[in-house]
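Source file: run.tsv; contents: TSV, C-alpha atoms and all ligand atoms.
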```tsv
chain	number	residue	atom	x	y	z
A	13	MET	CA	79.32	-11.93	151.61
A	14	PRO	CA	78.79	-15.52	150.65
A	15	GLY	CA	77.74	-16.70	147.20
A	16	PHE	CA	76.88	-20.00	148.85
A	17	GLU	CA	73.62	-18.38	150.00
A	18	LEU	CA	72.41	-18.40	146.40
A	19	TRP	CA	73.64	-21.83	145.42
A	20	GLY	CA	71.39	-23.67	143.02
A	21	ALA	CA	70.68	-25.40	139.75
A	22	GLU	CA	73.38	-23.49	137.83
A	23	GLU	CA	76.17	-24.85	140.05
A	24	ARG	CA	74.73	-28.36	139.98
A	25	ARG	CA	74.55	-28.31	136.18
A	26	GLU	CA	78.21	-27.29	135.82
A	27	VAL	CA	79.36	-29.94	138.31
A	28	GLU	CA	77.19	-32.55	136.60
A	29	GLU	CA	78.94	-31.84	133.28
A	30	VAL	CA	82.27	-32.68	134.92
A	31	LEU	CA	80.88	-35.79	136.59
A	32	GLU	CA	79.52	-37.02	133.26
A	33	THR	CA	83.04	-37.25	131.83
A	34	GLY	CA	84.73	-38.21	135.12
A	35	ILE	CA	87.71	-36.00	134.23
A	36	LEU	CA	88.22	-34.16	137.47
A	37	MET	CA	91.67	-32.77	136.64
A	38	ARG	CA	92.16	-29.48	134.85
A	39	TYR	CA	95.08	-30.62	132.70
A	40	GLY	CA	95.30	-33.31	130.04
A	41	PHE	CA	92.85	-36.08	129.13
A	42	ASP	CA	91.86	-34.03	126.08
A	43	GLY	CA	89.79	-36.78	124.41
A	44	PRO	CA	87.79	-38.16	127.35
A	45	ARG	CA	86.90	-34.73	128.70
A	46	ARG	CA	84.77	-34.04	125.62
A	47	GLY	CA	85.57	-30.35	125.42
A	48	ARG	CA	84.84	-29.62	129.07
A	49	TRP	CA	87.48	-27.33	130.53
A	50	LYS	CA	85.94	-25.69	133.58
A	51	ALA	CA	89.13	-24.15	135.01
A	52	ARG	CA	89.98	-22.66	131.63
A	53	GLU	CA	86.47	-21.29	131.23
A	54	LEU	CA	86.60	-19.74	134.68
A	55	GLU	CA	89.93	-18.13	133.79
A	56	ALA	CA	88.44	-16.70	130.60
A	57	ALA	CA	85.49	-15.35	132.57
A	58	LEU	CA	87.86	-13.74	135.09
A	59	CYS	CA	89.86	-12.07	132.30
A	60	GLN	CA	86.69	-10.81	130.74
A	61	ARG	CA	85.37	-9.56	134.05
A	62	THR	CA	88.57	-7.91	135.32
A	63	GLY	CA	90.13	-6.73	132.08
A	64	ALA	CA	93.36	-8.55	133.01
A	65	ALA	CA	95.09	-10.29	130.14
A	66	HIS	CA	95.80	-13.45	132.14
A	67	ALA	CA	94.15	-15.39	134.95
A	68	LEU	CA	95.18	-18.57	136.71
A	69	VAL	CA	92.68	-20.34	138.93
A	70	VAL	CA	94.28	-22.23	141.82
A	71	SER	CA	93.29	-24.17	144.93
A	72	SER	CA	92.85	-21.23	147.35
A	73	GLY	CA	93.41	-17.53	147.86
A	74	THR	CA	96.45	-18.39	149.96
A	75	ALA	CA	97.85	-20.44	147.07
A	76	ALA	CA	97.11	-17.52	144.73
A	77	LEU	CA	99.09	-15.08	146.91
A	78	THR	CA	101.98	-17.53	147.27
A	79	THR	CA	102.04	-18.16	143.53
A	80	ALA	CA	101.88	-14.44	142.69
A	81	LEU	CA	104.69	-13.60	145.11
A	82	ALA	CA	106.92	-16.32	143.68
A	83	ALA	CA	106.08	-15.31	140.11
A	84	LEU	CA	107.00	-11.71	140.91
A	85	GLY	CA	110.42	-13.03	141.87
A	86	ILE	CA	109.98	-12.29	145.57
A	87	GLY	CA	111.83	-14.55	148.03
A	88	ALA	CA	114.69	-14.79	150.50
A	89	GLY	CA	116.01	-11.42	151.63
A	90	ASP	CA	113.08	-9.47	150.20
A	91	GLU	CA	110.52	-7.45	152.13
A	92	VAL	CA	106.83	-7.05	151.41
A	93	VAL	CA	104.94	-4.18	153.01
A	94	MET	CA	101.44	-5.16	154.09
A	95	PRO	CA	98.75	-3.97	156.51
A	96	THR	CA	98.18	-4.94	160.15
A	97	PHE	CA	94.53	-5.72	159.36
A	98	THR	CA	94.06	-8.66	156.98
A	99	PHE	CA	93.42	-12.36	157.20
A	100	VAL	CA	96.52	-14.09	158.52
A	101	ALA	CA	96.92	-15.85	155.14
A	102	SER	CA	98.42	-12.72	153.56
A	103	PHE	CA	101.21	-12.80	156.14
A	104	GLU	CA	101.65	-16.56	155.80
A	105	ALA	CA	101.99	-16.32	152.01
A	106	VAL	CA	104.90	-13.89	152.32
A	107	LEU	CA	106.60	-16.16	154.87
A	108	SER	CA	106.03	-19.20	152.71
A	109	VAL	CA	108.11	-17.82	149.83
A	110	GLY	CA	110.91	-17.03	152.29
A	111	ALA	CA	110.38	-13.27	152.23
A	112	THR	CA	109.82	-10.95	155.19
A	113	PRO	CA	106.42	-9.38	155.81
A	114	VAL	CA	106.75	-5.82	157.08
A	115	LEU	CA	103.57	-4.63	158.71
A	116	ALA	CA	102.38	-1.05	158.30
A	117	ASP	CA	99.42	0.72	159.88
A	118	VAL	CA	95.90	0.90	158.53
A	119	ASP	CA	93.88	4.12	158.48
A	120	ASP	CA	90.17	4.92	158.43
A	121	THR	CA	89.80	3.07	155.12
A	122	LEU	CA	90.53	-0.09	157.22
A	123	THR	CA	93.28	-0.75	154.68
A	124	LEU	CA	96.96	0.06	154.29
A	125	SER	CA	97.76	3.70	155.01
A	126	PRO	CA	99.81	5.11	152.10
A	127	ALA	CA	101.86	7.23	154.53
A	128	ALA	CA	102.62	4.20	156.71
A	129	ALA	CA	103.48	2.12	153.64
A	130	ARG	CA	105.88	4.81	152.44
A	131	ALA	CA	107.58	4.92	155.83
A	132	ALA	CA	107.96	1.12	155.79
A	133	VAL	CA	109.70	0.90	152.40
A	134	THR	CA	113.42	0.08	152.60
A	135	SER	CA	116.05	-0.85	150.05
A	136	ARG	CA	114.92	-4.48	150.47
A	137	THR	CA	111.24	-3.85	149.71
A	138	ARG	CA	110.11	-5.65	146.57
A	139	ALA	CA	106.36	-5.20	146.81
A	140	VAL	CA	103.58	-3.35	148.57
A	141	MET	CA	100.58	-5.57	149.20
A	142	PRO	CA	97.40	-3.67	150.07
A	143	VAL	CA	94.52	-5.83	151.21
A	144	HIS	CA	91.07	-4.72	150.07
A	145	MET	CA	89.39	-5.68	153.32
A	146	CYS	CA	85.71	-6.29	153.84
A	147	GLY	CA	84.75	-5.72	150.23
A	148	ALA	CA	86.28	-2.31	149.57
A	149	MET	CA	89.49	-0.88	148.27
A	150	ALA	CA	92.66	0.58	149.67
A	151	ASP	CA	93.77	4.02	148.47
A	152	LEU	CA	95.10	2.63	145.20
A	153	GLY	CA	95.96	6.02	143.71
A	154	ALA	CA	98.51	6.78	146.41
A	155	LEU	CA	99.79	3.19	146.72
A	156	ASP	CA	100.23	2.76	142.98
A	157	ALA	CA	102.10	6.08	142.82
A	158	LEU	CA	104.37	4.94	145.68
A	159	CYS	CA	105.18	1.67	143.92
A	160	ARG	CA	105.90	3.40	140.62
A	161	GLU	CA	108.14	5.95	142.33
A	162	LYS	CA	110.11	3.23	144.13
A	163	GLY	CA	110.15	0.78	141.21
A	164	ILE	CA	108.48	-2.01	143.23
A	165	ALA	CA	105.48	-4.21	142.56
A	166	LEU	CA	101.93	-3.46	143.67
A	167	LEU	CA	100.36	-6.81	144.56
A	168	GLU	CA	96.67	-6.56	145.41
A	169	ASP	CA	95.20	-8.97	147.92
A	170	ALA	CA	91.63	-8.74	146.61
A	171	CYS	CA	90.63	-12.00	148.29
A	172	GLN	CA	87.76	-10.26	150.11
A	173	ALA	CA	86.82	-7.93	147.28
A	174	THR	CA	85.87	-9.91	144.19
A	175	GLY	CA	83.60	-7.72	142.10
A	176	GLY	CA	84.82	-4.44	143.60
A	177	SER	CA	86.41	-1.75	141.48
A	178	TRP	CA	88.42	1.46	141.70
A	179	LYS	CA	87.70	4.21	139.20
A	180	GLY	CA	85.99	1.67	136.98
A	181	ARG	CA	88.85	-0.85	137.03
A	182	ALA	CA	88.41	-4.22	138.75
A	183	LEU	CA	90.12	-4.58	142.12
A	184	GLY	CA	92.94	-7.05	141.59
A	185	SER	CA	93.66	-5.82	138.06
A	186	ILE	CA	95.34	-2.53	138.97
A	187	GLY	CA	98.64	-3.78	140.38
A	188	LYS	CA	101.29	-5.94	138.73
A	189	ALA	CA	99.22	-8.88	139.98
A	190	GLY	CA	96.08	-9.39	142.03
A	191	CYS	CA	94.63	-12.32	143.94
A	192	TYR	CA	91.13	-13.52	144.75
A	193	SER	CA	89.76	-16.12	147.13
A	194	PHE	CA	86.79	-18.28	146.26
A	195	ASP	CA	86.62	-20.10	149.59
A	196	PHE	CA	83.23	-20.94	151.05
A	197	VAL	CA	82.50	-17.55	152.62
A	198	LYS	CA	83.58	-15.27	149.80
A	199	THR	CA	81.42	-13.21	147.42
A	200	ILE	CA	81.61	-16.04	144.92
A	201	THR	CA	82.75	-19.51	145.93
A	202	CYS	CA	84.27	-22.63	144.42
A	203	GLY	CA	84.01	-24.38	147.81
A	204	GLU	CA	87.76	-23.84	147.93
A	205	GLY	CA	89.63	-21.90	145.27
A	206	GLY	CA	91.42	-18.73	144.32
A	207	ALA	CA	92.94	-16.92	141.36
A	208	VAL	CA	95.82	-14.71	140.28
A	209	VAL	CA	95.27	-12.12	137.55
A	210	THR	CA	97.97	-10.14	135.79
A	211	SER	CA	98.50	-8.41	132.48
A	212	ASP	CA	102.22	-9.21	132.43
A	213	PRO	CA	102.79	-12.28	130.22
A	214	GLU	CA	106.02	-13.23	131.99
A	215	VAL	CA	104.40	-13.13	135.44
A	216	ALA	CA	101.49	-15.15	134.02
A	217	ARG	CA	103.85	-17.76	132.60
A	218	ARG	CA	105.66	-18.13	135.91
A	219	CYS	CA	102.36	-18.44	137.81
A	220	ASP	CA	101.19	-21.12	135.41
A	221	GLN	CA	104.33	-23.15	136.02
A	222	TYR	CA	104.77	-22.52	139.75
A	223	ALA	CA	101.26	-23.70	140.61
A	224	ASP	CA	101.82	-27.03	138.86
A	225	HIS	CA	105.25	-28.35	139.90
A	226	GLY	CA	106.97	-26.22	137.26
A	227	HIS	CA	105.28	-27.88	134.26
A	228	ASP	CA	105.80	-25.80	131.13
A	229	HIS	CA	102.38	-26.89	129.79
A	230	LEU	CA	103.63	-26.69	126.23
A	231	GLY	CA	102.73	-30.06	124.82
A	232	ALA	CA	99.68	-32.31	124.80
A	233	ASP	CA	101.48	-34.98	126.86
A	234	ARG	CA	101.82	-33.92	130.51
A	235	GLY	CA	104.41	-36.59	131.16
A	236	ALA	CA	106.65	-35.12	128.47
A	237	ASP	CA	106.41	-31.52	129.75
A	238	MET	CA	109.67	-29.86	130.68
A	239	HIS	CA	110.23	-28.31	134.11
A	240	PRO	CA	111.97	-24.99	133.62
A	241	ALA	CA	111.70	-24.03	137.31
A	242	LEU	CA	110.63	-25.26	140.71
A	243	GLY	CA	106.95	-25.34	141.49
A	244	TYR	CA	104.37	-26.87	143.81
A	245	ASN	CA	100.86	-28.25	143.52
A	246	PHE	CA	98.32	-25.46	143.87
A	247	ARG	CA	96.02	-26.84	141.16
A	248	ILE	CA	92.27	-26.48	141.34
A	249	SER	CA	90.07	-29.44	140.45
A	250	GLU	CA	87.52	-29.28	137.65
A	251	LEU	CA	84.74	-29.86	140.21
A	252	HIS	CA	85.68	-26.75	142.17
A	253	ALA	CA	86.19	-24.70	139.02
A	254	ALA	CA	82.76	-25.79	137.77
A	255	VAL	CA	81.13	-24.34	140.88
A	256	GLY	CA	83.08	-21.09	140.45
A	257	LEU	CA	82.03	-20.84	136.83
A	258	ALA	CA	78.36	-20.90	137.75
A	259	GLN	CA	79.01	-18.42	140.55
A	260	ILE	CA	80.91	-15.85	138.48
A	261	ARG	CA	77.99	-15.71	136.06
A	262	LYS	CA	75.85	-14.58	139.00
A	263	LEU	CA	78.35	-12.08	140.38
A	264	ASP	CA	76.53	-9.00	139.07
A	265	ARG	CA	73.34	-10.17	140.75
A	266	PHE	CA	75.17	-10.77	144.03
A	267	LEU	CA	76.71	-7.29	143.88
A	268	GLU	CA	73.39	-5.65	143.14
A	269	ILE	CA	71.77	-7.36	146.14
A	270	GLN	CA	74.71	-6.60	148.44
A	271	ARG	CA	74.70	-2.92	147.45
A	272	ARG	CA	70.98	-2.57	147.98
A	273	ASN	CA	71.05	-4.33	151.36
A	274	LYS	CA	74.10	-2.42	152.54
A	275	ALA	CA	72.54	0.92	151.56
A	276	ALA	CA	69.49	0.11	153.69
A	277	LEU	CA	71.57	-0.79	156.77
A	278	ARG	CA	73.79	2.24	156.28
A	279	ALA	CA	70.85	4.59	156.04
A	280	ALA	CA	69.43	3.25	159.30
A	281	LEU	CA	72.75	3.58	161.09
A	282	ALA	CA	73.48	7.06	159.72
A	283	ALA	CA	70.77	8.40	161.99
A	284	VAL	CA	72.56	7.17	165.13
A	285	PRO	CA	74.59	9.92	166.86
A	286	GLY	CA	78.32	9.23	167.15
A	287	VAL	CA	78.46	6.69	164.31
A	288	THR	CA	80.85	7.39	161.43
A	289	PHE	CA	81.56	5.15	158.47
A	290	ARG	CA	84.67	3.61	157.04
A	291	ARG	CA	86.18	5.85	154.36
A	292	ILE	CA	85.98	4.24	150.94
A	293	PRO	CA	88.25	5.87	148.32
A	294	ASP	CA	85.77	5.10	145.50
A	295	PRO	CA	82.32	4.38	146.98
A	296	ASP	CA	80.93	3.35	143.58
A	297	GLY	CA	83.39	0.46	143.51
A	298	ASP	CA	82.47	-0.97	146.92
A	299	SER	CA	81.44	-4.60	146.53
A	300	ALA	CA	79.33	-3.99	149.66
A	301	SER	CA	79.96	-7.33	151.33
A	302	PHE	CA	80.19	-5.64	154.76
A	303	LEU	CA	79.00	-2.47	156.41
A	304	SER	CA	81.90	-1.13	158.48
A	305	PHE	CA	81.60	1.76	160.89
A	306	PHE	CA	83.21	3.44	163.87
A	307	LEU	CA	82.08	4.41	167.35
A	308	PRO	CA	83.79	7.38	169.04
A	309	ASP	CA	85.91	5.24	171.38
A	310	GLU	CA	86.81	1.67	172.33
A	311	GLY	CA	84.35	1.46	175.23
A	312	ARG	CA	81.40	2.41	173.09
A	313	ALA	CA	82.53	0.16	170.24
A	314	ARG	CA	82.72	-2.82	172.58
A	315	ALA	CA	79.32	-1.99	174.04
A	316	ALA	CA	77.80	-1.57	170.57
A	317	ALA	CA	79.21	-4.91	169.40
A	318	ARG	CA	77.75	-6.60	172.48
A	319	ALA	CA	74.39	-4.92	171.94
A	320	MET	CA	74.34	-6.01	168.29
A	321	GLN	CA	75.11	-9.63	169.20
A	322	GLY	CA	72.39	-9.46	171.85
A	323	ALA	CA	69.95	-8.26	169.19
A	324	GLY	CA	70.91	-11.06	166.82
A	325	VAL	CA	72.89	-8.83	164.43
A	326	PRO	CA	76.38	-10.22	163.73
A	327	ALA	CA	79.12	-7.84	164.86
A	328	MET	CA	82.72	-8.37	163.84
A	329	TYR	CA	84.76	-6.52	166.44
A	330	TRP	CA	88.08	-6.95	164.65
A	331	TYR	CA	90.23	-5.60	167.49
A	332	ASP	CA	89.59	-8.85	169.40
A	333	ASN	CA	89.56	-11.11	166.36
A	334	ASN	CA	92.04	-13.99	166.42
A	335	TRP	CA	92.55	-14.15	162.67
A	336	HIS	CA	92.35	-10.71	161.16
A	337	TYR	CA	94.22	-8.26	163.32
A	338	VAL	CA	97.87	-8.41	164.36
A	339	ARG	CA	97.08	-7.87	168.06
A	340	ARG	CA	95.85	-11.46	168.37
A	341	TRP	CA	98.32	-13.25	166.09
A	342	ASP	CA	99.92	-14.90	169.10
A	343	HIS	CA	101.04	-17.96	167.17
A	344	LEU	CA	103.00	-15.74	164.81
A	345	ARG	CA	104.38	-13.57	167.58
A	346	SER	CA	105.68	-16.65	169.38
A	347	ALA	CA	106.83	-18.33	166.13
A	348	ALA	CA	104.90	-21.44	167.13
A	349	SER	CA	105.43	-23.98	164.37
A	350	PRO	CA	105.36	-27.78	164.10
A	351	ASN	CA	108.67	-27.69	162.24
A	352	PRO	CA	111.82	-25.58	162.62
A	353	LEU	CA	111.55	-22.27	160.76
A	354	PRO	CA	114.29	-20.67	158.65
A	355	SER	CA	116.23	-18.01	160.53
A	356	ASN	CA	114.96	-15.08	158.43
A	357	VAL	CA	111.36	-16.15	159.08
A	358	ARG	CA	112.04	-16.33	162.82
A	359	ALA	CA	113.63	-12.87	162.64
A	360	ALA	CA	110.57	-11.49	160.80
A	361	LEU	CA	108.27	-12.92	163.42
A	362	ALA	CA	110.38	-11.55	166.24
A	363	ALA	CA	110.31	-8.10	164.62
A	364	THR	CA	106.51	-8.25	164.37
A	365	ALA	CA	106.21	-9.42	167.96
A	366	SER	CA	108.20	-6.53	169.33
A	367	ARG	CA	106.40	-3.75	167.43
A	368	PRO	CA	103.42	-1.82	168.79
A	369	PHE	CA	100.92	-0.44	166.29
A	370	PRO	CA	99.22	2.43	168.14
A	371	ALA	CA	97.88	4.11	164.99
A	372	SER	CA	96.23	0.86	163.85
A	373	ASP	CA	94.95	0.18	167.38
A	374	ALA	CA	93.35	3.64	167.47
A	375	VAL	CA	91.34	2.77	164.33
A	376	MET	CA	90.65	-0.89	164.95
A	377	CYS	CA	89.49	-0.56	168.56
A	378	ARG	CA	86.60	1.62	167.34
A	379	ALA	CA	85.65	-0.40	164.24
A	380	ILE	CA	82.78	-2.84	163.79
A	381	SER	CA	81.66	-4.63	160.62
A	382	THR	CA	78.46	-6.46	159.97
A	383	PRO	CA	78.14	-8.84	157.02
A	384	ILE	CA	75.63	-8.26	154.24
A	385	GLY	CA	73.42	-11.20	153.29
A	386	LEU	CA	72.17	-12.14	149.85
A	387	ALA	CA	69.06	-14.07	150.80
A	388	TRP	CA	67.26	-11.56	153.03
A	389	THR	CA	63.65	-10.76	152.21
A	390	ASP	CA	62.53	-7.11	152.26
A	391	GLU	CA	60.97	-7.71	155.66
A	392	GLN	CA	64.12	-9.30	157.05
A	393	LEU	CA	66.19	-6.41	155.71
A	394	ALA	CA	63.93	-3.80	157.28
A	395	GLU	CA	63.90	-5.69	160.56
A	396	ARG	CA	67.68	-6.06	160.58
A	397	ALA	CA	68.17	-2.37	159.83
A	398	ALA	CA	65.88	-1.44	162.73
A	399	ARG	CA	67.59	-3.87	165.14
A	400	LEU	CA	71.04	-2.66	164.08
A	401	ALA	CA	70.19	1.00	164.62
A	402	ALA	CA	68.47	0.30	167.94
A	403	ALA	CA	71.36	-1.79	169.25
A	404	VAL	CA	74.06	0.71	168.31
A	405	GLY	CA	71.84	3.60	169.40
A	406	SER	CA	71.40	2.01	172.84
A	407	VAL	CA	75.06	2.78	173.59
A	408	GLY	CA	75.08	6.25	175.08
B	501	LIG	C1	92.34	-10.92	152.90
B	501	LIG	C2	92.47	-12.39	152.65
B	501	LIG	N1	93.58	-12.85	152.03
B	501	LIG	C3	93.74	-14.16	151.78
B	501	LIG	C4	92.79	-15.08	152.13
B	501	LIG	C5	93.03	-16.53	151.86
B	501	LIG	O1	92.04	-17.11	151.06
B	501	LIG	P1	91.74	-18.69	151.15
B	501	LIG	O2	90.87	-18.92	152.34
B	501	LIG	O3	91.01	-18.97	149.88
B	501	LIG	O4	93.04	-19.37	151.23
B	501	LIG	C6	91.63	-14.66	152.78
B	501	LIG	C7	90.59	-15.62	153.20
B	501	LIG	O5	89.81	-15.38	154.08
B	501	LIG	C8	91.47	-13.28	153.04
B	501	LIG	O6	90.38	-12.81	153.67
```

Before anything else, please render the file you have as structure tokens.
Amino acid sequence: MPGFELWGAEERREVEEVLETGILMRYGFDGPRRGRWKARELEAALCQRTGAAHALVVSSGTAALTTALAALGIGAGDEVVMPTFTFVASFEAVLSVGATPVLADVDDTLTLSPAAARAAVTSRTRAVMPVHMCGAMADLGALDALCREKGIALLEDACQATGGSWKGRALGSIGKAGCYSFDFVKTITCGEGGAVVTSDPEVARRCDQYADHGHDHLGADRGADMHPALGYNFRISELHAAVGLAQIRKLDRFLEIQRRNKAALRAALAAVPGVTFRRIPDPDGDSASFLSFFLPDEGRARAAARAMQGAGVPAMYWYDNNWHYVRRWDHLRSAASPNPLPSNVRAALAATASRPFPASDAVMCRAISTPIGLAWTDEQLAERAARLAAAVGSVG
């Protein structure tokens, strides 16, 4: 899914503009920066793109999730329901604001099961956090309805789904807040970066302050700002924002290529007996950064993943993945930490460690994803499609 594959003159030009002034910080220095505000421009582009009223660009997707959670008022004693399949950062972000992540099963969408989320909601739940994994959306209709019914926040982790949509609305813009990652292997990249979007002005104001030590950002003199609340440093630099600005202007092109390439791989694989595809609640809104599919059972999925690797086609067999599926989060299960953890965090980790997730296992042990490239030639695409189908088809 990486925008870095189509890096070029546009990114260099934006970075050069920042280097010309030497003002690498997003705040202040109004005179010397000569009207160059890359983070602000990227935020405006995100608002325009997503339809959200507010966007805040920060230093990473993890920082975006942490900032959004804090701005939603979520902290000690609160629970956040989230899926067993995500990057470990979603879990870390909840822990880092002092709240308790409560894991719920995924279904054949490879995202949070609405039924499992409903069963996980307690009187302490303050948010449901679906994660739009591998480029496509969770069942937002059911999850949004659940959150409205329970009076809790829907927080979208859209870190892997920039550019995706659901019923014509940008992923990330449907909940109370949504977060994106622009790290180096995301659909568009800043090198490192992320963003929170929201249409709630109060949440936006709190994000703006929390990600910059609590600065109120009201005056022209940073040193004279007031600090209405605690905050931390999750700022993005102008250099990183400049890269993201060039990338977001190319997002439609990236999506078009991804969708075309994915369709070709999918068509080749559809002919292989026993293969079924991940269910996508709104296929038109798939950002198409991965092709995800299922084999009938774990044995055949493992064999297919091995055959793909042998044929030079990347296979993400998530069930064994150290970073994305709860089964291998040993460091969290054992609460391994360089510093002592608060007692509620230790309790949350212990609860996760002791829980089996058979429904998630039944899905994840059969799932494989393969990433979609942006720079493939027609010949490379045709060759990859043929190798993919042959490798998976070789598994009886
Ligand atoms: C689902 C998900 N959430 C959060 C993150 C964190 O993003 P970042 O790497 O920008 O901190 C990632 C990154 O891989 C992710 O995949």

- Task: Let me have all residues with an atom within 10 Å of ligand LIG 501 (chain B), counting only C-alpha atoms and all ligand atoms, laid out as an NGL selection string.
- Result: :A and (70-78 or 97-105 or 142-147 or 168-173 or 191-198 or 201-207 or 335-336)

- Message: If I take atom CA of Ser349 of chain A and atom CA of Ala129 of chain A, how far is one from the other in Å, to one decimal?
- Response: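 Atom CA of Ser349 of chain A sits 28.3 Å away from atom CA of Ala129 of chain A.
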
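The two atoms in question, atom CA of Leu115 of chain A and atom CA of Thr364 of chain A, are spaced 7.3 Å apart.
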
- Would you kindly return, as a ChimeraX atom specification, each protein, DNA or RNA residue with an atom no farther than 12 Å from any atom of Ala65 of chain A, considering only C-alpha atoms and excluding same-chain residues fewer than 5 positions away? /A:55-60,185-186,188-190,208-217

- Query: So which one's closest to Ala276 of chain A, A:Gln321, A:Thr134, A:Thr112, A:Gln392? Using only C-alpha atoms, please.
  - Reply: A:Gln392

I'd like the contact shell of segment 222-235 of chain A - 7 Å cut-off, all atoms listed in the file, skipping same-chain residues fewer than 2 positions apart - returned as a short mmCIF file (atom, residue, chain, number, x, y, z; two decimals) with C-alpha atoms, keeping the file's coordinate frame.
```cif
data_model
loop_
_atom_site.label_atom_id
_atom_site.label_comp_id
_atom_site.auth_asym_id
_atom_site.auth_seq_id
_atom_site.Cartn_x
_atom_site.Cartn_y
_atom_site.Cartn_z
CA GLY A 40 95.30 -33.31 130.04
CA THR A 79 102.04 -18.16 143.53
CA ARG A 218 105.66 -18.13 135.91
CA CYS A 219 102.36 -18.44 137.81
CA ASP A 220 101.19 -21.12 135.41
CA ASP A 237 106.41 -31.52 129.75
CA MET A 238 109.67 -29.86 130.68
CA HIS A 239 110.23 -28.31 134.11
CA PRO A 240 111.97 -24.99 133.62
CA ALA A 241 111.70 -24.03 137.31
CA LEU A 242 110.63 -25.26 140.71
CA GLY A 243 106.95 -25.34 141.49
CA TYR A 244 104.37 -26.87 143.81
CA ASN A 245 100.86 -28.25 143.52
CA PHE A 246 98.32 -25.46 143.87
CA ARG A 247 96.02 -26.84 141.16
#
```

- Select, from A:Ala371, A:Leu303, A:Val255, A:Leu344, the residue with the minimum atom-to-atom distance to Gly20 of chain A, counting only C-alpha atoms.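 Smallest distance to Gly20 of chain A is found for A:Val255.
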
- Excluding Glu53 of chain A and any residue of its chain fewer than 6 positions from it, enumerate the residues within 9 Å of it, using all atoms listed in the file, and give them as JSON, numbers by chain. {"A": [253, 254, 257]}

As a PDB file with C-alpha atoms, in the frame of the given file, please: the residues near Glu23 of chain A (cut-off 12 Å, all atoms listed in the file, same-chain neighbours under 4 positions excluded).
```
ATOM      1  CA  GLY A  15      77.740 -16.700 147.200  1.00  0.00           C
ATOM      2  CA  PHE A  16      76.880 -20.000 148.850  1.00  0.00           C
ATOM      3  CA  LEU A  18      72.410 -18.400 146.400  1.00  0.00           C
ATOM      4  CA  TRP A  19      73.640 -21.830 145.420  1.00  0.00           C
ATOM      5  CA  VAL A  27      79.360 -29.940 138.310  1.00  0.00           C
ATOM      6  CA  GLU A  28      77.190 -32.550 136.600  1.00  0.00           C
ATOM      7  CA  GLU A  29      78.940 -31.840 133.280  1.00  0.00           C
ATOM      8  CA  VAL A  30      82.270 -32.680 134.920  1.00  0.00           C
ATOM      9  CA  LYS A  50      85.940 -25.690 133.580  1.00  0.00           C
ATOM     10  CA  ILE A 200      81.610 -16.040 144.920  1.00  0.00           C
ATOM     11  CA  THR A 201      82.750 -19.510 145.930  1.00  0.00           C
ATOM     12  CA  CYS A 202      84.270 -22.630 144.420  1.00  0.00           C
ATOM     13  CA  GLY A 203      84.010 -24.380 147.810  1.00  0.00           C
ATOM     14  CA  LEU A 251      84.740 -29.860 140.210  1.00  0.00           C
ATOM     15  CA  HIS A 252      85.680 -26.750 142.170  1.00  0.00           C
ATOM     16  CA  ALA A 253      86.190 -24.700 139.020  1.00  0.00           C
ATOM     17  CA  ALA A 254      82.760 -25.790 137.770  1.00  0.00           C
ATOM     18  CA  VAL A 255      81.130 -24.340 140.880  1.00  0.00           C
ATOM     19  CA  GLY A 256      83.080 -21.090 140.450  1.00  0.00           C
ATOM     20  CA  LEU A 257      82.030 -20.840 136.830  1.00  0.00           C
ATOM     21  CA  ALA A 258      78.360 -20.900 137.750  1.00  0.00           C
ATOM     22  CA  GLN A 259      79.010 -18.420 140.550  1.00  0.00           C
ATOM     23  CA  ILE A 260      80.910 -15.850 138.480  1.00  0.00           C
ATOM     24  CA  ARG A 261      77.990 -15.710 136.060  1.00  0.00           C
ATOM     25  CA  LYS A 262      75.850 -14.580 139.000  1.00  0.00           C
TER      26      LYS A 262
END
```

- Message: Between atom CA of Arg399 of chain A and atom CA of Arg291 of chain A, what is the distance in Å, rounded to a tenth?
- Response: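 Value for the atom CA of Arg399 of chain A-atom CA of Arg291 of chain A distance: 23.6 Å.
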
- Message: For a quick check of understanding, using all atoms listed in the file, which of A:Leu166, A:Val93, A:Ala347, A:Ala116 has the smallest distance to Ala359 of chain A?
- Response: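 Ranking A:Leu166, A:Val93, A:Ala347, A:Ala116 by distance to Ala359 of chain A, first place goes to A:Ala347.
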
- Message: With distances taken over only C-alpha atoms, which residue among A:Thr137, A:Thr174, A:Ser366, A:Asn273 lies nearest Val92 of chain A?
- Response: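 Comparing A:Thr137, A:Thr174, A:Ser366, A:Asn273 against Val92 of chain A, the winner is A:Thr137.
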
- Item | Residue among A:Leu81, A:Val338, A:Leu281, A:Ala315 lying closest to Ala398 of chain A, counting only C-alpha atoms | A:Leu281

- Message: Which residues are near Ala327 of chain A? Cut-off 8 Å, only C-alpha atoms, ignore same chain within fewer than 5 positions. Put them as a PyMOL selection string.
- Response: chain A and resi 317-318+320-321+380-383

Selection file, C-alpha atoms, as a compact mmCIF listing (two decimals), in the frame of the given file:
```txt
# COMPACT_ATOMS: atom_id res chain seq x y z
CA ALA A 317 79.21 -4.91 169.40
CA ARG A 318 77.75 -6.60 172.48
CA MET A 320 74.34 -6.01 168.29
CA GLN A 321 75.11 -9.63 169.20
CA ILE A 380 82.78 -2.84 163.79
CA SER A 381 81.66 -4.63 160.62
CA THR A 382 78.46 -6.46 159.97
CA PRO A 383 78.14 -8.84 157.02
```

- Query: Of the candidates A:Leu400, A:Ala182, A:Ile164, A:Val375, which one gets nearest to Ser135 of chain A if we count all atoms listed in the file?
  - Reply: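 Using all atoms listed in the file, Ser135 of chain A sits closest to A:Ile164.
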